[in-house]
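Peer 1: For reference, the file structure-v8.txt (compact mmCIF, C-alpha atoms) is included below:
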```
# COMPACT_ATOMS: atom_id res chain seq x y z
CA MET A 1 13.78 12.70 -7.64
CA ILE A 2 14.84 9.04 -7.75
CA ALA A 3 17.43 8.85 -10.54
CA TYR A 4 19.17 5.54 -9.80
CA LEU A 5 18.53 2.33 -7.87
CA LYS A 6 20.86 -0.51 -6.94
CA GLY A 7 19.55 -3.45 -4.96
CA LYS A 8 18.25 -7.02 -4.99
CA LEU A 9 15.65 -8.10 -7.53
CA LEU A 10 12.86 -9.65 -5.44
CA TYR A 11 10.65 -10.63 -8.38
CA SER A 12 9.48 -9.42 -11.78
CA THR A 13 6.36 -9.48 -13.94
CA ALA A 14 6.07 -9.02 -17.71
CA ASP A 15 6.45 -5.24 -17.31
CA THR A 16 7.89 -4.51 -13.90
CA ALA A 17 10.71 -5.40 -11.56
CA VAL A 18 10.51 -5.09 -7.77
CA ILE A 19 13.91 -4.02 -6.48
CA GLU A 20 14.70 -4.01 -2.76
CA VAL A 21 16.89 -1.10 -1.67
CA GLY A 22 17.46 -0.60 2.05
CA GLY A 23 14.45 -2.67 3.05
CA VAL A 24 12.09 -0.87 0.64
CA GLY A 25 10.74 -2.56 -2.51
CA TYR A 26 10.53 -0.25 -5.54
CA GLU A 27 8.28 -1.29 -8.43
CA VAL A 28 9.96 -0.21 -11.68
CA TYR A 29 8.65 -0.43 -15.27
CA CYS A 30 11.78 -1.57 -17.09
CA SER A 31 13.03 -1.61 -20.67
CA ALA A 32 13.95 -4.97 -22.22
CA SER A 33 17.61 -4.01 -21.98
CA ALA A 34 17.32 -3.38 -18.23
CA PHE A 35 15.45 -6.67 -17.75
CA SER A 36 18.16 -8.57 -19.65
CA LYS A 37 20.68 -7.69 -16.94
CA MET A 38 18.54 -8.90 -14.03
CA THR A 39 18.20 -12.22 -12.24
CA VAL A 40 15.81 -12.89 -9.34
CA GLY A 41 17.73 -12.75 -6.06
CA GLY A 42 20.69 -11.04 -7.71
CA VAL A 43 21.91 -7.47 -7.39
CA CYS A 44 20.76 -5.19 -10.19
CA GLU A 45 20.99 -1.50 -11.01
CA VAL A 46 18.76 0.78 -13.06
CA TYR A 47 18.79 4.43 -14.04
CA THR A 48 15.31 5.70 -13.33
CA TYR A 49 12.78 8.31 -14.35
CA LEU A 50 10.09 9.26 -11.83
CA GLN A 51 6.72 10.23 -13.30
CA VAL A 52 4.08 11.92 -11.16
CA SER A 53 0.60 12.24 -12.70
CA GLU A 54 -2.97 12.66 -11.47
CA GLN A 55 -4.13 9.55 -13.36
CA ASN A 56 -1.40 7.08 -12.43
CA GLY A 57 0.07 8.57 -9.27
CA VAL A 58 3.81 7.96 -8.95
CA THR A 59 5.50 5.60 -11.42
CA LEU A 60 9.17 4.64 -11.78
CA TYR A 61 10.68 3.70 -15.16
CA GLY A 62 14.04 1.91 -15.34
CA PHE A 63 16.84 1.79 -17.93
CA SER A 64 20.09 -0.09 -18.35
CA SER A 65 22.23 3.01 -18.99
CA VAL A 66 22.26 6.79 -18.85
CA GLU A 67 22.24 6.85 -22.66
CA GLU A 68 19.05 4.78 -22.79
CA LYS A 69 17.42 7.03 -20.19
CA ASN A 70 18.42 10.13 -22.20
CA MET A 71 16.84 8.65 -25.33
CA PHE A 72 13.67 7.89 -23.33
CA LEU A 73 13.51 11.52 -22.15
CA LYS A 74 13.81 12.70 -25.74
CA LEU A 75 11.05 10.29 -26.83
CA ILE A 76 8.56 11.44 -24.18
CA SER A 77 9.23 15.07 -25.12
CA VAL A 78 7.39 14.31 -28.38
CA SER A 79 3.66 15.10 -28.29
CA GLY A 80 1.65 11.88 -28.14
CA VAL A 81 4.47 9.72 -26.75
CA GLY A 82 3.93 8.80 -23.10
CA PRO A 83 6.32 6.93 -20.80
CA LYS A 84 4.80 3.50 -21.52
CA MET A 85 5.14 4.05 -25.27
CA GLY A 86 8.70 5.27 -24.71
CA ILE A 87 9.51 2.04 -22.85
CA ALA A 88 7.83 0.00 -25.63
CA VAL A 89 9.97 1.69 -28.30
CA LEU A 90 13.20 1.13 -26.36
CA SER A 91 12.21 -2.48 -25.68
CA SER A 92 11.84 -3.02 -29.44
CA MET A 93 15.24 -1.57 -30.36
CA ASP A 94 18.29 -0.22 -28.54
CA SER A 95 19.18 3.47 -28.42
CA SER A 96 21.61 3.31 -31.36
CA SER A 97 19.09 1.49 -33.57
CA LEU A 98 16.43 4.03 -32.65
CA ALA A 99 18.78 6.93 -33.40
CA ALA A 100 19.56 5.37 -36.78
CA ALA A 101 15.86 4.82 -37.55
CA ILE A 102 15.15 8.46 -36.74
CA ALA A 103 18.19 9.73 -38.66
CA THR A 104 17.29 7.74 -41.78
CA ARG A 105 13.53 8.42 -41.51
CA ASP A 106 12.83 4.69 -41.24
CA LEU A 107 9.05 4.78 -40.68
CA LYS A 108 8.72 1.05 -41.26
CA ARG A 109 11.11 0.30 -38.39
CA LEU A 110 9.33 2.67 -36.02
CA THR A 111 5.78 1.59 -36.85
CA ALA A 112 6.82 -2.03 -36.21
CA VAL A 113 6.60 -1.10 -32.51
CA LYS A 114 3.27 -2.31 -31.15
CA GLY A 115 0.90 0.63 -30.62
CA LEU A 116 3.06 3.17 -32.47
CA GLY A 117 1.09 4.59 -35.40
CA LYS A 118 2.40 6.28 -38.54
CA LYS A 119 1.50 9.83 -37.45
CA THR A 120 3.27 9.48 -34.11
CA ALA A 121 6.29 7.87 -35.80
CA GLU A 122 6.45 10.80 -38.24
CA ARG A 123 6.28 13.22 -35.32
CA ILE A 124 9.16 11.40 -33.57
CA ILE A 125 11.29 11.71 -36.70
CA LEU A 126 10.37 15.36 -37.26
CA GLU A 127 11.00 16.45 -33.68
CA LEU A 128 14.05 14.31 -32.83
CA ARG A 129 16.14 14.21 -36.01
CA GLU A 130 18.21 17.19 -34.91
CA LYS A 131 18.44 15.97 -31.30
CA VAL A 132 19.56 12.34 -31.63
CA GLY A 133 23.02 13.33 -32.86
CA ALA A 134 23.59 15.10 -29.55
CA LEU A 135 23.10 11.91 -27.51
CA PRO A 136 26.22 10.34 -25.99
CA GLN A 137 27.10 7.31 -28.10
CA ALA A 138 29.45 4.38 -27.70
CA THR A 139 32.92 5.42 -26.62
CA GLN A 140 35.36 6.03 -29.40
CA GLU A 141 37.50 3.05 -30.24
CA GLU A 142 41.20 3.25 -29.62
CA GLY A 143 43.43 3.82 -32.61
CA VAL A 144 41.12 6.16 -34.52
CA ALA A 145 43.24 8.79 -36.18
CA PRO A 146 42.19 12.41 -35.59
CA ALA A 147 41.60 12.78 -39.32
CA VAL A 148 38.60 10.46 -39.17
CA LEU A 149 36.94 11.89 -36.06
CA PRO A 150 33.36 12.99 -36.83
CA GLY A 151 32.17 16.53 -37.18
CA GLU A 152 29.23 17.56 -35.05
CA GLY A 153 26.65 16.86 -37.76
CA ASP A 154 28.05 13.46 -38.74
CA GLU A 155 27.00 11.50 -35.65
CA ASP A 156 23.66 10.39 -37.09
CA ALA A 157 25.35 8.85 -40.13
CA ILE A 158 27.96 7.12 -37.96
CA VAL A 159 25.27 5.68 -35.67
CA ALA A 160 23.32 4.44 -38.69
CA LEU A 161 26.40 2.65 -40.05
CA GLN A 162 27.18 1.16 -36.62
CA THR A 163 23.65 -0.23 -36.57
CA LEU A 164 24.46 -2.03 -39.81
CA GLY A 165 27.30 -3.83 -38.04
CA PHE A 166 30.33 -1.65 -38.79
CA SER A 167 32.65 -0.53 -35.97
CA ARG A 168 32.71 3.10 -34.88
CA ALA A 169 36.19 3.52 -36.38
CA GLU A 170 35.08 2.12 -39.76
CA SER A 171 31.91 4.22 -39.72
CA ALA A 172 33.71 7.47 -38.86
CA LYS A 173 36.32 6.86 -41.56
CA ALA A 174 33.67 6.07 -44.20
CA VAL A 175 31.64 9.17 -43.32
CA ALA A 176 34.74 11.37 -43.53
CA ALA A 177 35.59 9.86 -46.93
CA ALA A 178 32.03 10.36 -48.19
CA LYS A 179 32.07 14.01 -47.17
CA ALA A 180 35.47 14.48 -48.82
CA LYS A 181 33.87 13.29 -52.07
CA GLY A 182 31.21 15.98 -51.74
CA ALA A 183 28.35 14.03 -50.14
CA SER A 184 25.98 16.19 -48.10
CA GLY A 185 22.77 15.40 -46.23
CA ILE A 186 22.56 12.30 -44.07
CA GLU A 187 21.03 9.97 -46.70
CA GLU A 188 23.64 10.87 -49.31
CA ILE A 189 26.48 10.55 -46.79
CA ILE A 190 25.26 7.10 -45.68
CA MET A 191 24.82 5.85 -49.26
CA GLN A 192 28.27 7.15 -50.30
CA ALA A 193 29.87 5.74 -47.16
CA LEU A 194 28.34 2.28 -47.82
CA LYS A 195 29.76 2.30 -51.34
CA GLY A 196 33.20 2.87 -49.87
CA MET A 197 32.94 0.16 -47.19
```
Now that the file is in, can you turn its structure into structure tokens?

Peer 2:
Amino acid sequence: MIAYLKGKLLYSTADTAVIEVGGVGYEVYCSASAFSKMTVGGVCEVYTYLQVSEQNGVTLYGFSSVEEKNMFLKLISVSGVGPKMGIAVLSSMDSSSLAAAIATRDLKRLTAVKGLGKKTAERIILELREKVGALPQATQEEGVAPAVLPGEGDEDAIVALQTLGFSRAESAKAVAAAKAKGASGIEEIIMQALKGM
């Protein structure tokens, strides 16, 4: 299994990057985030997923971080979402934005992805809502008091607030305050937290 590549970017197309590692050129289908960190002739690194199928043979997919790769793996676990659709979704929004869209059941945001229909978007929300909170998120900011650290089920709400531009510390504090006032369920927690921001 090829899980990671670091080498020189020889050239790229609209969808793929050819990365030379040890004299071998690997063609990798990359997310927009991975592409944004590459320059032709420069050293680049990608976390990869190797797909082997009868139709397409062997295909490598590349991501800018372990977190993005983990989100991709969760996406392709959903029936009807293949690797190319997974890449398309992650090229339309970053992992945190996707987690927030799933957590808040934002069908409009998901169906804005080219080729992603309403039924598949609904399936993504249904199957991944409980899983996205378990993804590693941005590292906790320094100076956050233990009292405002999130509970296990609060991560989705915090990610959604971070997507709206608030820092992790602000989001965690607002979620804790919302829960203290009796808010329950992600939508209610987010709405209450926004009122307190």

Peer 1: Rounded to one decimal in Å, what is the spacing between CA of Val113 in chain A and CA of Asn70 in chain A?

Peer 2: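 CA of Val113 in chain A sits 19.3 Å away from CA of Asn70 in chain A.
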
Peer 1: Leaving out Val43 in chain A and any residue of its chain fewer than 4 positions from it, which residues lie within 12 Å of it when counting all atoms listed in the file, given as a PyMOL selection string?

Peer 2: chain A and resi 5-11+18-21+37-39

Peer 1: Return the single residue from A:Pro83, A:Gly185, A:Gly41, A:Gly25 that is closest to Tyr61 in chain A, with distances computed using all atoms listed in the file.

Peer 2: A:Pro83

Peer 1: Residues of range 53-94 of chain A within 8 Å of range 126-130 of chain A: nearest atom pair and distance (Å, one decimal) for each, counting all atoms listed in the file, sorted by chain and number, as a tab-separated table?

Peer 2:
```
residue	atom	partner	partner_atom	distance
A:Lys74	CA	A:Leu128	CA	7.3
A:Leu75	CA	A:Leu128	CA	7.8
A:Val78	CA	A:Glu127	CA	6.8
```

Peer 1: Skip Ile76 in chain A itself and residues of its chain fewer than 4 positions away, then list as a ChimeraX atom specification all residues within 12 Å of it, counting all atoms listed in the file.

Peer 2: /A:49,51,69-72,80-90,120,123-124,127-128

Peer 1: For the atom pair CA of Ala180 in chain A and CA of Ala157 in chain A, what is the interatomic distance in Å to one decimal place?

Peer 2: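 Separation of CA of Ala180 in chain A and CA of Ala157 in chain A: 14.5 Å.
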
Peer 1: At what distance in Å, to one decimal, does CA of Ala169 in chain A lie from CA of Ala103 in chain A?

Peer 2: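 CA of Ala169 in chain A lies 19.2 Å from CA of Ala103 in chain A.
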
Peer 1: Looking at only C-alpha atoms, which of A:Gln192, A:Ser65, A:Ser184, A:Ser96 is the one that sits closest to Arg168 in chain A?

Peer 2: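 Closest residue, counting only C-alpha atoms: A:Ser96.
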
Peer 1: Measuring atom to atom with all atoms listed in the file, identify which of A:Gln162, A:Asn56, A:Ser64, A:Thr48 is nearest to Leu98 in chain A.

Peer 2: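 Of the candidates, the smallest distance to Leu98 in chain A is held by A:Gln162.
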
Peer 1: Just checking: using all atoms listed in the file, which residue out of A:Ala100, A:Val28, A:Leu110, A:Ala121 ends up closest to Ala160 in chain A?

Peer 2: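 Going through A:Ala100, A:Val28, A:Leu110, A:Ala121 one by one, the smallest distance to Ala160 in chain A is for A:Ala100.
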
Peer 1: Adding 3 Å on each side of the box along x, y and z that holds all listed atoms of range 16-19 of chain A, could you give its centre and edge lengths in Å to one decimal, as lines of an AutoDock Vina configuration file?

Peer 2:
```
center_x = 10.9
center_y = -4.7
center_z = -10.2
size_x = 12.0
size_y = 7.4
size_z = 13.4
```

Peer 1: Take range 95-116 of chain A, bring it up to N, CA, C and O atoms, and give me the output as a tab-separated table (two decimals), keeping the file's coordinate frame.

Peer 2:
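Heads up, here's the output in part_27.tsv:
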```tsv
chain	number	residue	atom	x	y	z
A	95	SER	N	19.08	2.04	-28.17
A	95	SER	CA	19.18	3.47	-28.42
A	95	SER	C	19.83	3.80	-29.76
A	95	SER	O	19.40	4.70	-30.48
A	96	SER	N	20.90	3.06	-30.09
A	96	SER	CA	21.61	3.31	-31.36
A	96	SER	C	20.72	2.99	-32.56
A	96	SER	O	20.69	3.73	-33.55
A	97	SER	N	19.99	1.88	-32.48
A	97	SER	CA	19.09	1.49	-33.57
A	97	SER	C	17.98	2.52	-33.73
A	97	SER	O	17.59	2.88	-34.84
A	98	LEU	N	17.47	3.02	-32.61
A	98	LEU	CA	16.43	4.03	-32.65
A	98	LEU	C	16.96	5.32	-33.26
A	98	LEU	O	16.31	5.94	-34.11
A	99	ALA	N	18.16	5.71	-32.84
A	99	ALA	CA	18.78	6.93	-33.40
A	99	ALA	C	18.96	6.79	-34.91
A	99	ALA	O	18.71	7.73	-35.67
A	100	ALA	N	19.38	5.60	-35.35
A	100	ALA	CA	19.56	5.37	-36.78
A	100	ALA	C	18.23	5.40	-37.52
A	100	ALA	O	18.14	5.96	-38.62
A	101	ALA	N	17.19	4.81	-36.92
A	101	ALA	CA	15.86	4.82	-37.55
A	101	ALA	C	15.35	6.24	-37.70
A	101	ALA	O	14.76	6.61	-38.72
A	102	ILE	N	15.58	7.06	-36.69
A	102	ILE	CA	15.15	8.46	-36.74
A	102	ILE	C	15.97	9.22	-37.79
A	102	ILE	O	15.43	9.96	-38.61
A	103	ALA	N	17.29	9.00	-37.76
A	103	ALA	CA	18.19	9.73	-38.66
A	103	ALA	C	17.91	9.41	-40.13
A	103	ALA	O	18.03	10.26	-41.00
A	104	THR	N	17.52	8.16	-40.39
A	104	THR	CA	17.29	7.74	-41.78
A	104	THR	C	15.81	7.75	-42.16
A	104	THR	O	15.42	7.24	-43.20
A	105	ARG	N	14.99	8.32	-41.28
A	105	ARG	CA	13.53	8.42	-41.51
A	105	ARG	C	12.90	7.06	-41.81
A	105	ARG	O	12.10	6.91	-42.72
A	106	ASP	N	13.30	6.06	-41.02
A	106	ASP	CA	12.83	4.69	-41.24
A	106	ASP	C	11.47	4.47	-40.55
A	106	ASP	O	11.38	3.92	-39.46
A	107	LEU	N	10.40	4.91	-41.24
A	107	LEU	CA	9.05	4.78	-40.68
A	107	LEU	C	8.67	3.33	-40.45
A	107	LEU	O	8.00	3.00	-39.47
A	108	LYS	N	9.08	2.47	-41.36
A	108	LYS	CA	8.72	1.05	-41.26
A	108	LYS	C	9.26	0.46	-39.95
A	108	LYS	O	8.57	-0.30	-39.27
A	109	ARG	N	10.49	0.81	-39.61
A	109	ARG	CA	11.11	0.30	-38.39
A	109	ARG	C	10.38	0.81	-37.15
A	109	ARG	O	10.13	0.08	-36.20
A	110	LEU	N	10.01	2.09	-37.17
A	110	LEU	CA	9.33	2.67	-36.02
A	110	LEU	C	7.91	2.15	-35.85
A	110	LEU	O	7.48	1.85	-34.75
A	111	THR	N	7.18	2.04	-36.95
A	111	THR	CA	5.78	1.59	-36.85
A	111	THR	C	5.68	0.09	-36.58
A	111	THR	O	4.59	-0.41	-36.34
A	112	ALA	N	6.82	-0.61	-36.58
A	112	ALA	CA	6.82	-2.03	-36.21
A	112	ALA	C	6.62	-2.18	-34.70
A	112	ALA	O	6.29	-3.26	-34.20
A	113	VAL	N	6.82	-1.08	-33.96
A	113	VAL	CA	6.60	-1.10	-32.51
A	113	VAL	C	5.10	-1.16	-32.25
A	113	VAL	O	4.33	-0.36	-32.78
A	114	LYS	N	4.69	-2.12	-31.44
A	114	LYS	CA	3.27	-2.31	-31.15
A	114	LYS	C	2.68	-1.04	-30.54
A	114	LYS	O	3.20	-0.50	-29.56
A	115	GLY	N	1.59	-0.55	-31.15
A	115	GLY	CA	0.90	0.63	-30.62
A	115	GLY	C	1.41	1.96	-31.15
A	115	GLY	O	0.83	3.00	-30.86
A	116	LEU	N	2.51	1.92	-31.93
A	116	LEU	CA	3.06	3.17	-32.47
A	116	LEU	C	2.57	3.36	-33.90
A	116	LEU	O	2.95	2.63	-34.81
```
